[in-house]
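Peer 1: Structure file run.txt (compact mmCIF, C-alpha atoms) is given on the next line.
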# COMPACT_ATOMS: atom_id res chain seq x y z
CA MET A 1 40.23 131.37 146.63
CA ARG A 2 37.77 134.01 145.52
CA LYS A 3 38.00 135.70 148.94
CA ASN A 4 41.81 135.89 148.65
CA THR A 5 41.58 137.43 145.17
CA LEU A 6 39.14 140.07 146.39
CA LEU A 7 41.37 140.88 149.39
CA LEU A 8 44.42 141.16 147.11
CA ALA A 9 42.50 143.41 144.67
CA MET A 10 41.63 145.79 147.53
CA ALA A 11 45.03 145.70 149.22
CA LEU A 12 47.15 146.26 146.11
CA PRO A 13 45.86 149.80 145.34
CA LEU A 14 46.25 150.78 149.00
CA LEU A 15 49.81 149.48 149.06
CA ALA A 16 50.62 151.37 145.85
CA ALA A 17 49.15 154.62 147.22
CA PHE A 18 51.11 154.26 150.47
CA THR A 19 54.34 153.57 148.58
CA LEU A 20 53.92 156.52 146.25
CA SER A 21 53.03 158.92 149.04
CA SER A 22 56.08 157.92 151.07
CA CYS A 23 58.35 158.73 148.11
CA ASN A 24 57.49 162.42 148.32
CA ASN A 25 60.46 164.39 149.72
CA LYS A 26 58.77 167.75 150.14
CA ASN A 27 59.08 167.66 153.94
CA LYS A 28 62.65 166.39 153.91
CA LYS A 29 65.03 168.42 156.06
CA THR A 30 68.41 169.37 154.69
CA GLY A 31 71.29 170.43 156.89
CA GLY A 32 69.03 170.87 159.89
CA GLN A 33 66.93 173.43 157.99
CA SER A 34 63.42 172.79 156.78
CA THR A 35 62.64 173.51 153.13
CA ASP A 36 58.96 173.75 153.98
CA MET A 37 57.78 177.35 153.44
CA THR A 38 54.81 177.09 155.82
CA GLY A 39 56.87 177.38 159.01
CA ASP A 40 56.64 180.01 161.74
CA THR A 41 57.21 183.53 160.41
CA THR A 42 56.94 185.38 163.72
CA ILE A 43 60.72 185.90 163.79
CA VAL A 44 60.65 188.03 160.63
CA PRO A 45 60.98 191.71 161.61
CA GLY A 46 58.14 194.00 160.60
CA ILE A 47 58.46 196.97 158.26
CA ASP A 48 56.86 200.27 159.15
CA VAL A 49 54.73 201.53 156.28
CA THR A 50 53.63 205.12 156.08
CA ASP A 51 50.60 206.25 154.17
CA GLY A 52 50.46 208.85 151.44
CA GLY A 53 53.63 208.48 149.41
CA GLU A 54 54.24 207.86 145.76
CA PRO A 55 55.26 204.29 145.02
CA LEU A 56 58.94 204.04 144.18
CA SER A 57 59.67 203.33 140.57
CA THR A 58 62.96 203.03 138.77
CA GLU A 59 61.29 202.98 135.37
CA GLY A 60 59.45 205.82 133.72
CA GLU A 61 55.68 205.85 133.24
CA ILE A 62 54.70 204.69 129.75
CA ARG A 63 50.93 204.98 130.06
CA GLY A 64 48.90 207.77 128.56
CA GLY A 65 49.74 209.81 125.52
CA GLU A 66 51.55 208.64 122.49
CA PHE A 67 55.31 208.28 122.28
CA LEU A 68 56.61 209.51 118.94
CA PRO A 69 59.91 209.14 117.12
CA GLN A 70 62.10 212.23 116.79
CA THR A 71 64.15 212.85 113.68
CA ASN A 72 67.31 213.54 115.74
CA ILE A 73 67.02 210.32 117.76
CA GLN A 74 68.37 207.33 115.87
CA THR A 75 67.37 203.68 116.07
CA ILE A 76 70.00 201.02 116.74
CA THR A 77 70.12 197.44 115.48
CA PHE A 78 71.32 194.21 117.06
CA ASP A 79 73.08 191.09 115.89
CA TYR A 80 71.05 187.91 115.53
CA ASP A 81 69.93 186.49 118.88
CA ARG A 82 71.86 189.20 120.81
CA TYR A 83 71.02 192.11 123.09
CA GLU A 84 74.52 193.42 123.81
CA LEU A 85 75.32 196.88 122.48
CA SER A 86 77.92 197.10 119.73
CA GLU A 87 80.46 199.93 119.64
CA ASP A 88 78.51 201.55 116.78
CA ALA A 89 75.29 201.32 118.79
CA ARG A 90 76.99 202.93 121.80
CA GLN A 91 78.08 205.89 119.69
CA VAL A 92 74.52 206.37 118.40
CA LEU A 93 73.13 206.11 121.93
CA GLN A 94 75.65 208.68 123.20
CA ALA A 95 74.35 211.19 120.66
CA ASN A 96 70.76 210.28 121.58
CA ALA A 97 71.52 210.68 125.30
CA ALA A 98 72.93 214.17 124.80
CA LEU A 99 69.62 215.22 123.24
CA LEU A 100 67.54 213.44 125.91
CA LYS A 101 69.47 215.10 128.74
CA ALA A 102 68.93 218.52 127.17
CA ARG A 103 65.15 217.96 126.98
CA LYS A 104 64.14 217.32 130.59
CA ASP A 105 60.48 217.79 129.63
CA TRP A 106 60.50 214.54 127.65
CA ALA A 107 59.41 211.13 128.88
CA VAL A 108 61.31 208.42 127.01
CA LEU A 109 60.17 205.00 125.81
CA VAL A 110 62.66 202.42 124.53
CA GLU A 111 60.97 199.79 122.36
CA GLY A 112 62.66 196.42 121.84
CA HIS A 113 61.96 194.60 118.55
CA CYS A 114 62.97 191.28 116.99
CA ASP A 115 62.82 189.55 113.63
CA ASP A 116 60.24 186.81 113.08
CA ARG A 117 62.56 183.88 113.78
CA GLY A 118 61.97 182.20 117.14
CA THR A 119 58.86 181.74 119.22
CA ILE A 120 56.61 184.60 120.25
CA GLU A 121 57.60 184.17 123.90
CA TYR A 122 61.31 184.08 123.12
CA ASN A 123 61.11 187.19 120.95
CA LEU A 124 59.16 189.12 123.59
CA ALA A 125 61.83 188.28 126.17
CA LEU A 126 64.67 189.14 123.79
CA GLY A 127 62.99 192.42 122.82
CA GLN A 128 62.71 193.33 126.52
CA LYS A 129 66.40 192.56 127.06
CA ARG A 130 67.27 194.80 124.12
CA ALA A 131 65.14 197.65 125.44
CA LYS A 132 66.62 197.25 128.92
CA SER A 133 70.21 197.27 127.67
CA VAL A 134 69.52 200.57 125.87
CA ARG A 135 67.76 202.00 128.92
CA ASP A 136 70.61 200.98 131.22
CA TYR A 137 73.16 202.60 128.89
CA TYR A 138 71.15 205.83 128.79
CA VAL A 139 71.10 205.86 132.59
CA ARG A 140 74.89 205.37 132.71
CA LEU A 141 75.18 208.33 130.34
CA GLY A 142 73.18 210.54 132.72
CA VAL A 143 69.61 210.39 131.43
CA PRO A 144 67.29 210.37 134.48
CA GLU A 145 66.27 206.79 135.21
CA SER A 146 62.74 207.77 136.22
CA SER A 147 62.05 209.29 132.81
CA ILE A 148 62.80 206.15 130.76
CA GLY A 149 60.36 203.27 130.30
CA THR A 150 60.76 200.08 128.29
CA ILE A 151 58.46 197.84 126.32
CA SER A 152 58.97 194.81 124.10
CA TYR A 153 57.03 194.24 120.93
CA GLY A 154 58.95 191.10 120.01
CA GLU A 155 58.17 190.36 116.37
CA GLU A 156 54.81 192.20 116.40
CA LYS A 157 55.90 195.42 114.63
CA PRO A 158 58.32 194.56 111.84
CA LEU A 159 59.70 197.25 109.55
CA CYS A 160 60.23 194.72 106.77
CA GLY A 161 58.42 191.50 105.90
CA GLU A 162 60.90 189.77 103.60
CA ALA A 163 62.93 186.71 104.61
CA THR A 164 66.35 188.27 103.91
CA ASP A 165 69.31 189.11 106.13
CA ALA A 166 68.94 192.85 105.48
CA CYS A 167 65.26 192.73 106.38
CA TRP A 168 65.84 190.70 109.53
CA LEU A 169 68.57 193.16 110.60
CA SER A 170 66.20 196.13 110.28
CA ASN A 171 63.65 194.33 112.46
CA ARG A 172 66.21 193.56 115.23
CA ARG A 173 66.20 197.03 116.69
CA ALA A 174 65.63 199.31 119.65
CA GLU A 175 63.71 202.50 118.99
CA THR A 176 63.76 205.49 121.32
CA LYS A 177 60.55 207.49 121.31
CA VAL A 178 59.52 210.50 123.38
CA LYS A 179 56.52 212.46 124.58
CA GLY A 180 56.20 215.71 126.49
CA LYS A 181 55.65 215.37 130.24
As structure tokens, how would this structure be written, given the file I've shared?
Peer 2:
Amino acid sequence: MRKNTLLLAMALPLLAAFTLSSCNNKNKKTGGQSTDMTGDTTIVPGIDVTDGGEPLSTEGEIRGGEFLPQTNIQTITFDYDRYELSEDARQVLQANAALLKARKDWAVLVEGHCDDRGTIEYNLALGQKRAKSVRDYYVRLGVPESSIGTISYGEEKPLCGEATDACWLSNRRAETKVKGK
């Protein structure tokens, strides 16, 4: 009896391990195609790479030097939990873009900001979406894409610290700052 109990105690964990490992579907084939990413890659064509070129970038360089606000460039605000541009914001950005296109010696930084509601991660992502929507609109208006960079500060740099609608609105913004190239 004791021998049977010992055998059962050793066999049960092995049986459980075998059962659990057979439930894994990572090597399952679907539609005749393997979903395993470790297959043969020799059929992928090579890409010729030449040395000595600048890396391609669609976004402007934001390192080095300090970007400063300009009195003629206005800040826009956003509705709660939104990153789409309102008609009023588009009009402001059109005036900003005219100035940015005239000053080709400027590098531009669009900063996305949020109010303090929401998680830090969510606000950083929302701030980036706000900055990108402004950047994309500037590009559509003719500002060179390679001269505009974006950054999100989320809720890190509020203009106002009160828990009021007016204060939250002022913190939900996109600021356009510039520096000489």
Peer 1: Report the distance between atom CA of Asp116 of chain A and atom CA of Lys129 of chain A in Å, rounded to one decimal place.
Peer 2: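 Interatomic distance here is 16.3 Å.
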Peer 1: Given the choices A:Leu85, A:Leu99, A:Ile151, A:Ile120, which gets closest to Thr71 of chain A if the distance is worked out from all atoms listed in the file?
Peer 2: A:Leu99
Peer 1: Hey, which of A:Asn123, A:Ser147, A:Asn171, A:Gln74 ends up closest to Arg135 of chain A? Count all atoms listed in the file.
Peer 2: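 Of the candidates, the smallest distance to Arg135 of chain A is held by A:Ser147.
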Peer 1: Restricting the calculation to only C-alpha atoms, which member of A:Phe67, A:Glu121, A:Asp165, A:Gln91 is positioned closest to Gly149 of chain A?
Peer 2: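 Looking only at the distances to Gly149 of chain A, the closest residue turns out to be A:Phe67.
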Peer 1: Taking all atoms listed in the file into account, name the residue in A:Arg140, A:Lys104, A:Arg130, A:Arg82 that is nearest to Thr176 of chain A.
Peer 2: A:Arg130
Peer 1: Which residue, A:Ala102, A:Ala131, A:Val143, A:Leu126, has the smallest gap to Glu155 of chain A when you use all atoms listed in the file?
Peer 2: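 The answer is A:Leu126, which sits nearest to Glu155 of chain A.
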Peer 1: For Gly142 of chain A, which residue among A:Arg90, A:Lys101, A:Gln70, A:Glu84 is the nearest when counting all atoms listed in the file?
Peer 2: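 Closest candidate: A:Lys101.
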Peer 1: Just the residues within 12 Å of Val139 of chain A, please, counting all atoms listed in the file, with nothing from its chain fewer than 3 positions along; format it as a PyMOL selection string.
Peer 2: chain A and resi 58-60+93-94+96-98+100-101+108+132-136+142-149
Peer 1: Edge lengths and centre in Å to one decimal, as AutoDock Vina command-line options, of the axis-aligned box that encloses all listed atoms of segment 80-98 of chain A with 3 Å added on every side?
Peer 2:
--center_x 75.2 --center_y 200.3 --center_z 120.4 --size_x 16.5 --size_y 33.7 --size_z 15.8
Peer 1: Give me, please, the distance in Å between atom CA of Gly112 of chain A and atom CA of Val92 of chain A, quoted to one decimal.
Peer 2: 15.9 Å
Peer 1: How many Å separate atom CA of Leu159 of chain A from atom CA of Val110 of chain A?
Peer 2: 16.1 Å
Peer 1: Within 12 Å of Thr164 of chain A, counting all atoms listed in the file, which residues qualify if same-chain residues fewer than 4 places away don't, as a PyMOL selection string?
Peer 2: chain A and resi 115-117+160+168-171
Peer 1: For the point (74.6, 194.2, 119.0) in file coordinates, what residues are within 10 Å, counting all atoms listed in the file? Give the answer as a list in words?
Peer 2: Ile76, Thr77, Phe78, Asp79, Tyr80, Asp81, Arg82, Tyr83, Glu84, Leu85, Ser86, Glu87, Asp88, Ala89, Arg90, Arg130, Arg172 and Arg173 of chain A
